$ cat entry.txt   # compact mmCIF, N, CA and C atoms
# COMPACT_ATOMS: atom_id res chain seq x y z
N MET A 1 77.48 -214.40 -119.56
CA MET A 1 76.67 -213.83 -118.51
C MET A 1 77.55 -212.95 -117.63
N GLU A 2 77.08 -211.76 -117.32
CA GLU A 2 77.82 -210.82 -116.50
C GLU A 2 77.76 -211.23 -115.04
N GLN A 3 78.93 -211.24 -114.38
CA GLN A 3 78.97 -211.62 -112.97
C GLN A 3 78.79 -210.37 -112.11
N VAL A 4 77.84 -210.45 -111.18
CA VAL A 4 77.55 -209.33 -110.29
C VAL A 4 78.10 -209.65 -108.92
N THR A 5 78.81 -208.70 -108.34
CA THR A 5 79.35 -208.88 -106.99
C THR A 5 78.35 -208.33 -105.99
N LEU A 6 77.95 -209.19 -105.06
CA LEU A 6 76.99 -208.78 -104.03
C LEU A 6 77.75 -208.35 -102.78
N PRO A 7 77.17 -207.43 -102.02
CA PRO A 7 77.79 -207.04 -100.75
C PRO A 7 77.69 -208.17 -99.73
N GLU A 8 78.45 -208.07 -98.66
CA GLU A 8 78.41 -209.10 -97.60
C GLU A 8 77.08 -209.11 -96.87
N VAL A 9 76.46 -207.94 -96.72
CA VAL A 9 75.16 -207.83 -96.05
C VAL A 9 74.13 -207.45 -97.10
N LEU A 10 73.07 -208.28 -97.18
CA LEU A 10 72.06 -208.11 -98.23
C LEU A 10 70.74 -207.60 -97.66
N THR A 11 70.03 -206.86 -98.47
CA THR A 11 68.67 -206.45 -98.12
C THR A 11 67.71 -207.56 -98.54
N LEU A 12 66.48 -207.44 -98.15
CA LEU A 12 65.45 -208.41 -98.55
C LEU A 12 65.33 -208.46 -100.07
N GLU A 13 65.37 -207.32 -100.70
CA GLU A 13 65.25 -207.25 -102.16
C GLU A 13 66.43 -207.93 -102.83
N GLU A 14 67.65 -207.74 -102.29
CA GLU A 14 68.83 -208.37 -102.87
C GLU A 14 68.79 -209.89 -102.70
N VAL A 15 68.32 -210.37 -101.55
CA VAL A 15 68.19 -211.81 -101.34
C VAL A 15 67.14 -212.37 -102.30
N SER A 16 66.08 -211.62 -102.52
CA SER A 16 65.04 -212.04 -103.46
C SER A 16 65.62 -212.23 -104.86
N GLU A 17 66.43 -211.29 -105.30
CA GLU A 17 67.06 -211.40 -106.61
C GLU A 17 68.07 -212.55 -106.62
N TYR A 18 68.85 -212.67 -105.56
CA TYR A 18 69.89 -213.70 -105.48
C TYR A 18 69.29 -215.11 -105.52
N LEU A 19 68.22 -215.32 -104.77
CA LEU A 19 67.60 -216.64 -104.71
C LEU A 19 66.51 -216.84 -105.75
N ARG A 20 66.14 -215.74 -106.44
CA ARG A 20 65.08 -215.77 -107.45
C ARG A 20 63.77 -216.26 -106.85
N LEU A 21 63.44 -215.67 -105.71
CA LEU A 21 62.19 -215.98 -105.00
C LEU A 21 61.46 -214.70 -104.67
N PRO A 22 60.13 -214.76 -104.54
CA PRO A 22 59.37 -213.56 -104.20
C PRO A 22 59.73 -213.03 -102.80
N ILE A 23 59.71 -211.74 -102.68
CA ILE A 23 60.01 -211.08 -101.40
C ILE A 23 59.09 -211.60 -100.30
N GLU A 24 57.81 -211.78 -100.62
CA GLU A 24 56.85 -212.23 -99.62
C GLU A 24 57.23 -213.60 -99.06
N THR A 25 57.69 -214.50 -99.92
CA THR A 25 58.10 -215.83 -99.49
C THR A 25 59.29 -215.74 -98.54
N LEU A 26 60.28 -214.93 -98.91
CA LEU A 26 61.48 -214.79 -98.08
C LEU A 26 61.17 -214.13 -96.74
N GLN A 27 60.30 -213.13 -96.77
CA GLN A 27 59.91 -212.45 -95.55
C GLN A 27 59.20 -213.42 -94.60
N ARG A 28 58.32 -214.23 -95.12
CA ARG A 28 57.61 -215.22 -94.31
C ARG A 28 58.59 -216.24 -93.73
N GLN A 29 59.50 -216.72 -94.56
CA GLN A 29 60.49 -217.70 -94.11
C GLN A 29 61.40 -217.11 -93.03
N ALA A 30 61.78 -215.86 -93.19
CA ALA A 30 62.64 -215.20 -92.20
C ALA A 30 61.89 -215.00 -90.88
N LEU A 31 60.62 -214.58 -90.96
CA LEU A 31 59.82 -214.40 -89.75
C LEU A 31 59.63 -215.70 -88.99
N GLN A 32 59.56 -216.82 -89.71
CA GLN A 32 59.39 -218.13 -89.09
C GLN A 32 60.72 -218.72 -88.63
N GLY A 33 61.82 -218.01 -88.88
CA GLY A 33 63.14 -218.49 -88.48
C GLY A 33 63.70 -219.56 -89.40
N LYS A 34 63.13 -219.70 -90.57
CA LYS A 34 63.59 -220.72 -91.52
C LYS A 34 64.67 -220.20 -92.45
N LEU A 35 64.82 -218.89 -92.52
CA LEU A 35 65.83 -218.24 -93.36
C LEU A 35 66.68 -217.37 -92.43
N PRO A 36 68.00 -217.52 -92.46
CA PRO A 36 68.84 -216.76 -91.53
C PRO A 36 68.88 -215.27 -91.88
N GLY A 37 68.37 -214.47 -90.99
CA GLY A 37 68.36 -213.04 -91.20
C GLY A 37 68.05 -212.33 -89.89
N ARG A 38 68.15 -211.02 -89.91
CA ARG A 38 67.90 -210.22 -88.72
C ARG A 38 67.03 -209.03 -89.11
N LYS A 39 65.96 -208.83 -88.36
CA LYS A 39 65.10 -207.67 -88.60
C LYS A 39 65.58 -206.55 -87.69
N ILE A 40 65.94 -205.44 -88.28
CA ILE A 40 66.40 -204.26 -87.56
C ILE A 40 65.37 -203.17 -87.80
N GLU A 41 64.61 -202.90 -86.73
CA GLU A 41 63.44 -202.04 -86.83
C GLU A 41 62.51 -202.61 -87.89
N ASN A 42 62.34 -201.95 -89.03
CA ASN A 42 61.43 -202.46 -90.06
C ASN A 42 62.16 -203.02 -91.28
N GLU A 43 63.46 -203.18 -91.17
CA GLU A 43 64.27 -203.62 -92.31
C GLU A 43 64.93 -204.96 -92.03
N TRP A 44 64.95 -205.84 -93.02
CA TRP A 44 65.63 -207.13 -92.91
C TRP A 44 67.03 -207.01 -93.49
N ARG A 45 67.99 -207.70 -92.83
CA ARG A 45 69.35 -207.80 -93.32
C ARG A 45 69.79 -209.26 -93.23
N PHE A 46 70.56 -209.68 -94.23
CA PHE A 46 71.00 -211.06 -94.34
C PHE A 46 72.48 -211.09 -94.68
N LEU A 47 73.23 -211.94 -94.01
CA LEU A 47 74.63 -212.14 -94.39
C LEU A 47 74.65 -213.08 -95.59
N LYS A 48 75.32 -212.68 -96.64
CA LYS A 48 75.38 -213.52 -97.84
C LYS A 48 75.97 -214.89 -97.51
N VAL A 49 77.00 -214.92 -96.70
CA VAL A 49 77.63 -216.19 -96.33
C VAL A 49 76.64 -217.10 -95.59
N ALA A 50 75.76 -216.51 -94.76
CA ALA A 50 74.75 -217.30 -94.04
C ALA A 50 73.71 -217.86 -95.00
N ILE A 51 73.34 -217.06 -96.01
CA ILE A 51 72.40 -217.53 -97.02
C ILE A 51 73.02 -218.69 -97.81
N ASP A 52 74.29 -218.54 -98.18
CA ASP A 52 74.98 -219.61 -98.91
C ASP A 52 75.07 -220.88 -98.07
N ASP A 53 75.41 -220.73 -96.79
CA ASP A 53 75.47 -221.89 -95.89
C ASP A 53 74.10 -222.54 -95.74
N TRP A 54 73.07 -221.72 -95.62
CA TRP A 54 71.70 -222.21 -95.50
C TRP A 54 71.31 -223.04 -96.72
N LEU A 55 71.67 -222.56 -97.91
CA LEU A 55 71.36 -223.28 -99.13
C LEU A 55 72.05 -224.64 -99.16
N ARG A 56 73.30 -224.67 -98.71
CA ARG A 56 74.08 -225.92 -98.72
C ARG A 56 73.62 -226.91 -97.68
N SER A 57 73.06 -226.44 -96.57
CA SER A 57 72.82 -227.33 -95.43
C SER A 57 71.35 -227.54 -95.09
N GLN A 58 70.46 -227.38 -96.04
CA GLN A 58 69.05 -227.55 -95.73
C GLN A 58 68.73 -228.93 -95.18
N GLY A 59 69.33 -229.97 -95.71
CA GLY A 59 69.06 -231.32 -95.21
C GLY A 59 69.51 -231.49 -93.77
N SER A 60 70.72 -231.02 -93.44
CA SER A 60 71.23 -231.18 -92.08
C SER A 60 70.47 -230.31 -91.10
N ARG A 61 70.00 -229.16 -91.54
CA ARG A 61 69.21 -228.29 -90.65
C ARG A 61 67.89 -228.97 -90.29
N SER A 62 67.25 -229.58 -91.26
CA SER A 62 65.99 -230.27 -90.99
C SER A 62 66.21 -231.41 -90.00
N THR A 63 67.30 -232.14 -90.17
CA THR A 63 67.62 -233.23 -89.26
C THR A 63 67.86 -232.69 -87.85
N LEU A 64 68.59 -231.60 -87.75
CA LEU A 64 68.86 -231.00 -86.45
C LEU A 64 67.58 -230.56 -85.77
N LEU A 65 66.67 -229.94 -86.51
CA LEU A 65 65.41 -229.49 -85.93
C LEU A 65 64.56 -230.68 -85.47
N GLN A 66 64.58 -231.75 -86.21
CA GLN A 66 63.85 -232.95 -85.80
C GLN A 66 64.44 -233.52 -84.51
N GLN A 67 65.76 -233.53 -84.42
CA GLN A 67 66.42 -234.05 -83.22
C GLN A 67 66.14 -233.14 -82.03
N ALA A 68 66.05 -231.85 -82.25
CA ALA A 68 65.78 -230.91 -81.16
C ALA A 68 64.43 -231.20 -80.53
N GLY A 69 63.49 -231.69 -81.30
CA GLY A 69 62.18 -232.03 -80.77
C GLY A 69 62.24 -233.11 -79.70
N ALA A 70 63.29 -233.90 -79.70
CA ALA A 70 63.45 -234.96 -78.70
C ALA A 70 63.65 -234.37 -77.31
N PHE A 71 64.06 -233.10 -77.24
CA PHE A 71 64.30 -232.46 -75.95
C PHE A 71 63.07 -231.74 -75.41
N ALA A 72 61.96 -231.79 -76.10
CA ALA A 72 60.77 -231.04 -75.72
C ALA A 72 60.28 -231.36 -74.31
N ASP A 73 60.45 -232.58 -73.86
CA ASP A 73 59.98 -232.98 -72.52
C ASP A 73 61.04 -232.85 -71.45
N ASP A 74 62.20 -232.33 -71.79
CA ASP A 74 63.30 -232.18 -70.84
C ASP A 74 63.01 -231.00 -69.91
N ALA A 75 62.88 -231.28 -68.61
CA ALA A 75 62.52 -230.25 -67.62
C ALA A 75 63.59 -229.16 -67.50
N SER A 76 64.83 -229.46 -67.84
CA SER A 76 65.91 -228.48 -67.68
C SER A 76 66.08 -227.59 -68.91
N LEU A 77 65.31 -227.84 -69.97
CA LEU A 77 65.47 -227.10 -71.22
C LEU A 77 65.21 -225.60 -71.05
N THR A 78 64.18 -225.24 -70.31
CA THR A 78 63.85 -223.81 -70.12
C THR A 78 64.99 -223.08 -69.44
N GLU A 79 65.51 -223.66 -68.37
CA GLU A 79 66.63 -223.03 -67.65
C GLU A 79 67.88 -222.96 -68.53
N LEU A 80 68.15 -224.01 -69.27
CA LEU A 80 69.30 -224.04 -70.16
C LEU A 80 69.19 -222.93 -71.21
N ARG A 81 68.02 -222.80 -71.84
CA ARG A 81 67.80 -221.77 -72.85
C ARG A 81 67.98 -220.37 -72.25
N GLU A 82 67.42 -220.14 -71.05
CA GLU A 82 67.56 -218.84 -70.39
C GLU A 82 69.03 -218.52 -70.13
N ASN A 83 69.79 -219.51 -69.67
CA ASN A 83 71.21 -219.32 -69.39
C ASN A 83 72.00 -219.00 -70.65
N ILE A 84 71.64 -219.64 -71.74
CA ILE A 84 72.34 -219.38 -73.01
C ILE A 84 72.11 -217.94 -73.44
N TYR A 85 70.86 -217.49 -73.42
CA TYR A 85 70.57 -216.12 -73.85
C TYR A 85 71.18 -215.10 -72.88
N GLN A 86 71.17 -215.40 -71.60
CA GLN A 86 71.77 -214.50 -70.62
C GLN A 86 73.28 -214.39 -70.87
N ALA A 87 73.94 -215.50 -71.15
CA ALA A 87 75.37 -215.49 -71.43
C ALA A 87 75.68 -214.70 -72.70
N ARG A 88 74.75 -214.72 -73.64
CA ARG A 88 74.93 -213.98 -74.89
C ARG A 88 74.59 -212.50 -74.74
N GLY A 89 73.97 -212.17 -73.59
CA GLY A 89 73.61 -210.78 -73.34
C GLY A 89 72.48 -210.27 -74.20
N ARG A 90 71.55 -211.16 -74.53
CA ARG A 90 70.41 -210.72 -75.35
C ARG A 90 69.15 -211.45 -74.94
N SER A 91 68.04 -210.89 -75.34
CA SER A 91 66.73 -211.45 -75.03
C SER A 91 66.38 -212.55 -76.01
N GLU A 92 65.53 -213.49 -75.58
CA GLU A 92 65.05 -214.53 -76.49
C GLU A 92 64.12 -213.96 -77.54
N VAL A 93 63.50 -212.83 -77.24
CA VAL A 93 62.53 -212.22 -78.13
C VAL A 93 63.14 -210.97 -78.74
N ASP A 94 63.07 -210.85 -80.07
CA ASP A 94 63.54 -209.62 -80.72
C ASP A 94 62.68 -208.46 -80.30
N GLU A 95 63.32 -207.41 -79.90
CA GLU A 95 62.57 -206.24 -79.42
C GLU A 95 62.57 -205.14 -80.44
$ encode --input "entry.txt" --output "structure tokens"
Amino acid sequence: MEQVTLPEVLTLEEVSEYLRLPIETLQRQALQGKLPGRKIENEWRFLKVAIDDWLRSQGSRSTLLQQAGAFADDASLTELRENIYQARGRSEVDE
């Protein structure tokens, strides 16, 4: 089997080929924040290393998300989240 070298930054189509999944499935997963990627205007980009990490850590990510739900009633969560995004110099919502 011929080995293909992928670039560090992948398009939606390249991730589809790499994971052998339909583009529509990956696009939906990315929009829901379940697949690590970034939408730049109308184009999706994915770091190959992030996709590889995501594949390896699906179990731990699910556990982390379940644990995060424990903080839902924490009154300081909103302020904490705002401070984190402010420190990062970006908005919580992709513009």
$ atom_distance --input "entry.txt" --atom1 "atom C of Glu79 (chain A)" --atom2 "atom N of Gly33 (chain A)"
21.8 Å
$ residues_around --input "entry.txt" --residues "region 50-54 of chain A" --least-positions-apart "5" --cutoff "8 Å" --atoms "only N, CA and C atoms" --output "list in words"
Glu8, Lys34, Leu35, Pro36, Gly37 and Gly59 of chain A
$ write_last_selection --input "entry.txt" --atoms "N, CA and C atoms" --output "tab-separated table (two decimals), in the frame of the given file"
chain	number	residue	atom	x	y	z
A	8	GLU	N	78.45	-208.07	-98.66
A	8	GLU	CA	78.41	-209.10	-97.60
A	8	GLU	C	77.08	-209.11	-96.87
A	34	LYS	N	63.13	-219.70	-90.57
A	34	LYS	CA	63.59	-220.72	-91.52
A	34	LYS	C	64.67	-220.20	-92.45
A	35	LEU	N	64.82	-218.89	-92.52
A	35	LEU	CA	65.83	-218.24	-93.36
A	35	LEU	C	66.68	-217.37	-92.43
A	36	PRO	N	68.00	-217.52	-92.46
A	36	PRO	CA	68.84	-216.76	-91.53
A	36	PRO	C	68.88	-215.27	-91.88
A	37	GLY	N	68.37	-214.47	-90.99
A	37	GLY	CA	68.36	-213.04	-91.20
A	37	GLY	C	68.05	-212.33	-89.89
A	59	GLY	N	69.33	-229.97	-95.71
A	59	GLY	CA	69.06	-231.32	-95.21
A	59	GLY	C	69.51	-231.49	-93.77
$ atom_distance --input "entry.txt" --atom1 "atom C of Leu6 (chain A)" --atom2 "CA of Leu31 (chain A)"
23.0 Å
$ atom_distance --input "entry.txt" --atom1 "CA of Arg45 (chain A)" --atom2 "CA of Glu14 (chain A)"
9.6 Å
$ closest_residue --input "entry.txt" --among "A:Ile84, A:Leu19, A:Ala75, A:Leu10" --to "Phe46 (chain A)" --atoms "only C-alpha atoms"
A:Leu10
$ residues_near_point --input "entry.txt" --point "(77.6, -212.3, -98.3)" --cutoff "6 Å" --atoms "only C-alpha atoms" --output "list in words"
Pro7, Glu8, Val9, Leu47, Lys48 and Val49 of chain A
$ residues_around --input "entry.txt" --residues "Ile23 (chain A)" --least-positions-apart "6" --cutoff "8 Å" --atoms "only N, CA and C atoms" --output "list in words"
Leu12, Glu13, Val15, Ser16, Glu17 and Gln29 of chain A
$ build_atoms --input "entry.txt" --residues "region 11-32 of chain A" --atoms "N, CA, C and O atoms" --output "JSON list (two decimals), in the coordinates of the input"
[["chain", "number", "residue", "atom", "x", "y", "z"],
["A", 11, "THR", "N", 70.03, -206.86, -98.47],
["A", 11, "THR", "CA", 68.67, -206.45, -98.12],
["A", 11, "THR", "C", 67.71, -207.56, -98.54],
["A", 11, "THR", "O", 68.10, -208.49, -99.26],
["A", 12, "LEU", "N", 66.48, -207.44, -98.15],
["A", 12, "LEU", "CA", 65.45, -208.41, -98.55],
["A", 12, "LEU", "C", 65.33, -208.46, -100.07],
["A", 12, "LEU", "O", 65.22, -209.54, -100.66],
["A", 13, "GLU", "N", 65.37, -207.32, -100.70],
["A", 13, "GLU", "CA", 65.25, -207.25, -102.16],
["A", 13, "GLU", "C", 66.43, -207.93, -102.83],
["A", 13, "GLU", "O", 66.27, -208.64, -103.84],
["A", 14, "GLU", "N", 67.65, -207.74, -102.29],
["A", 14, "GLU", "CA", 68.83, -208.37, -102.87],
["A", 14, "GLU", "C", 68.79, -209.89, -102.70],
["A", 14, "GLU", "O", 69.16, -210.63, -103.62],
["A", 15, "VAL", "N", 68.32, -210.37, -101.55],
["A", 15, "VAL", "CA", 68.19, -211.81, -101.34],
["A", 15, "VAL", "C", 67.14, -212.37, -102.30],
["A", 15, "VAL", "O", 67.32, -213.45, -102.86],
["A", 16, "SER", "N", 66.08, -211.62, -102.52],
["A", 16, "SER", "CA", 65.04, -212.04, -103.46],
["A", 16, "SER", "C", 65.62, -212.23, -104.86],
["A", 16, "SER", "O", 65.34, -213.22, -105.53],
["A", 17, "GLU", "N", 66.43, -211.29, -105.30],
["A", 17, "GLU", "CA", 67.06, -211.40, -106.61],
["A", 17, "GLU", "C", 68.07, -212.55, -106.62],
["A", 17, "GLU", "O", 68.12, -213.33, -107.58],
["A", 18, "TYR", "N", 68.85, -212.67, -105.56],
["A", 18, "TYR", "CA", 69.89, -213.70, -105.48],
["A", 18, "TYR", "C", 69.29, -215.11, -105.52],
["A", 18, "TYR", "O", 69.78, -215.98, -106.23],
["A", 19, "LEU", "N", 68.22, -215.32, -104.77],
["A", 19, "LEU", "CA", 67.60, -216.64, -104.71],
["A", 19, "LEU", "C", 66.51, -216.84, -105.75],
["A", 19, "LEU", "O", 65.97, -217.93, -105.89],
["A", 20, "ARG", "N", 66.14, -215.74, -106.44],
["A", 20, "ARG", "CA", 65.08, -215.77, -107.45],
["A", 20, "ARG", "C", 63.77, -216.26, -106.85],
["A", 20, "ARG", "O", 63.09, -217.12, -107.40],
["A", 21, "LEU", "N", 63.44, -215.67, -105.71],
["A", 21, "LEU", "CA", 62.19, -215.98, -105.00],
["A", 21, "LEU", "C", 61.46, -214.70, -104.67],
["A", 21, "LEU", "O", 62.09, -213.65, -104.49],
["A", 22, "PRO", "N", 60.13, -214.76, -104.54],
["A", 22, "PRO", "CA", 59.37, -213.56, -104.20],
["A", 22, "PRO", "C", 59.73, -213.03, -102.80],
["A", 22, "PRO", "O", 60.01, -213.81, -101.88],
["A", 23, "ILE", "N", 59.71, -211.74, -102.68],
["A", 23, "ILE", "CA", 60.01, -211.08, -101.40],
["A", 23, "ILE", "C", 59.09, -211.60, -100.30],
["A", 23, "ILE", "O", 59.53, -211.86, -99.18],
["A", 24, "GLU", "N", 57.81, -211.78, -100.62],
["A", 24, "GLU", "CA", 56.85, -212.23, -99.62],
["A", 24, "GLU", "C", 57.23, -213.60, -99.06],
["A", 24, "GLU", "O", 57.09, -213.86, -97.87],
["A", 25, "THR", "N", 57.69, -214.50, -99.92],
["A", 25, "THR", "CA", 58.10, -215.83, -99.49],
["A", 25, "THR", "C", 59.29, -215.74, -98.54],
["A", 25, "THR", "O", 59.31, -216.36, -97.47],
["A", 26, "LEU", "N", 60.28, -214.93, -98.91],
["A", 26, "LEU", "CA", 61.48, -214.79, -98.08],
["A", 26, "LEU", "C", 61.17, -214.13, -96.74],
["A", 26, "LEU", "O", 61.69, -214.53, -95.70],
["A", 27, "GLN", "N", 60.30, -213.13, -96.77],
["A", 27, "GLN", "CA", 59.91, -212.45, -95.55],
["A", 27, "GLN", "C", 59.20, -213.42, -94.60],
["A", 27, "GLN", "O", 59.50, -213.46, -93.41],
["A", 28, "ARG", "N", 58.32, -214.23, -95.12],
["A", 28, "ARG", "CA", 57.61, -215.22, -94.31],
["A", 28, "ARG", "C", 58.59, -216.24, -93.73],
["A", 28, "ARG", "O", 58.54, -216.57, -92.55],
["A", 29, "GLN", "N", 59.50, -216.72, -94.56],
["A", 29, "GLN", "CA", 60.49, -217.70, -94.11],
["A", 29, "GLN", "C", 61.40, -217.11, -93.03],
["A", 29, "GLN", "O", 61.73, -217.77, -92.04],
["A", 30, "ALA", "N", 61.78, -215.86, -93.19],
["A", 30, "ALA", "CA", 62.64, -215.20, -92.20],
["A", 30, "ALA", "C", 61.89, -215.00, -90.88],
["A", 30, "ALA", "O", 62.43, -215.24, -89.80],
["A", 31, "LEU", "N", 60.62, -214.58, -90.96],
["A", 31, "LEU", "CA", 59.82, -214.40, -89.75],
["A", 31, "LEU", "C", 59.63, -215.70, -88.99],
["A", 31, "LEU", "O", 59.57, -215.72, -87.76],
["A", 32, "GLN", "N", 59.56, -216.82, -89.71],
["A", 32, "GLN", "CA", 59.39, -218.13, -89.09],
["A", 32, "GLN", "C", 60.72, -218.72, -88.63],
["A", 32, "GLN", "O", 60.75, -219.81, -88.06]]
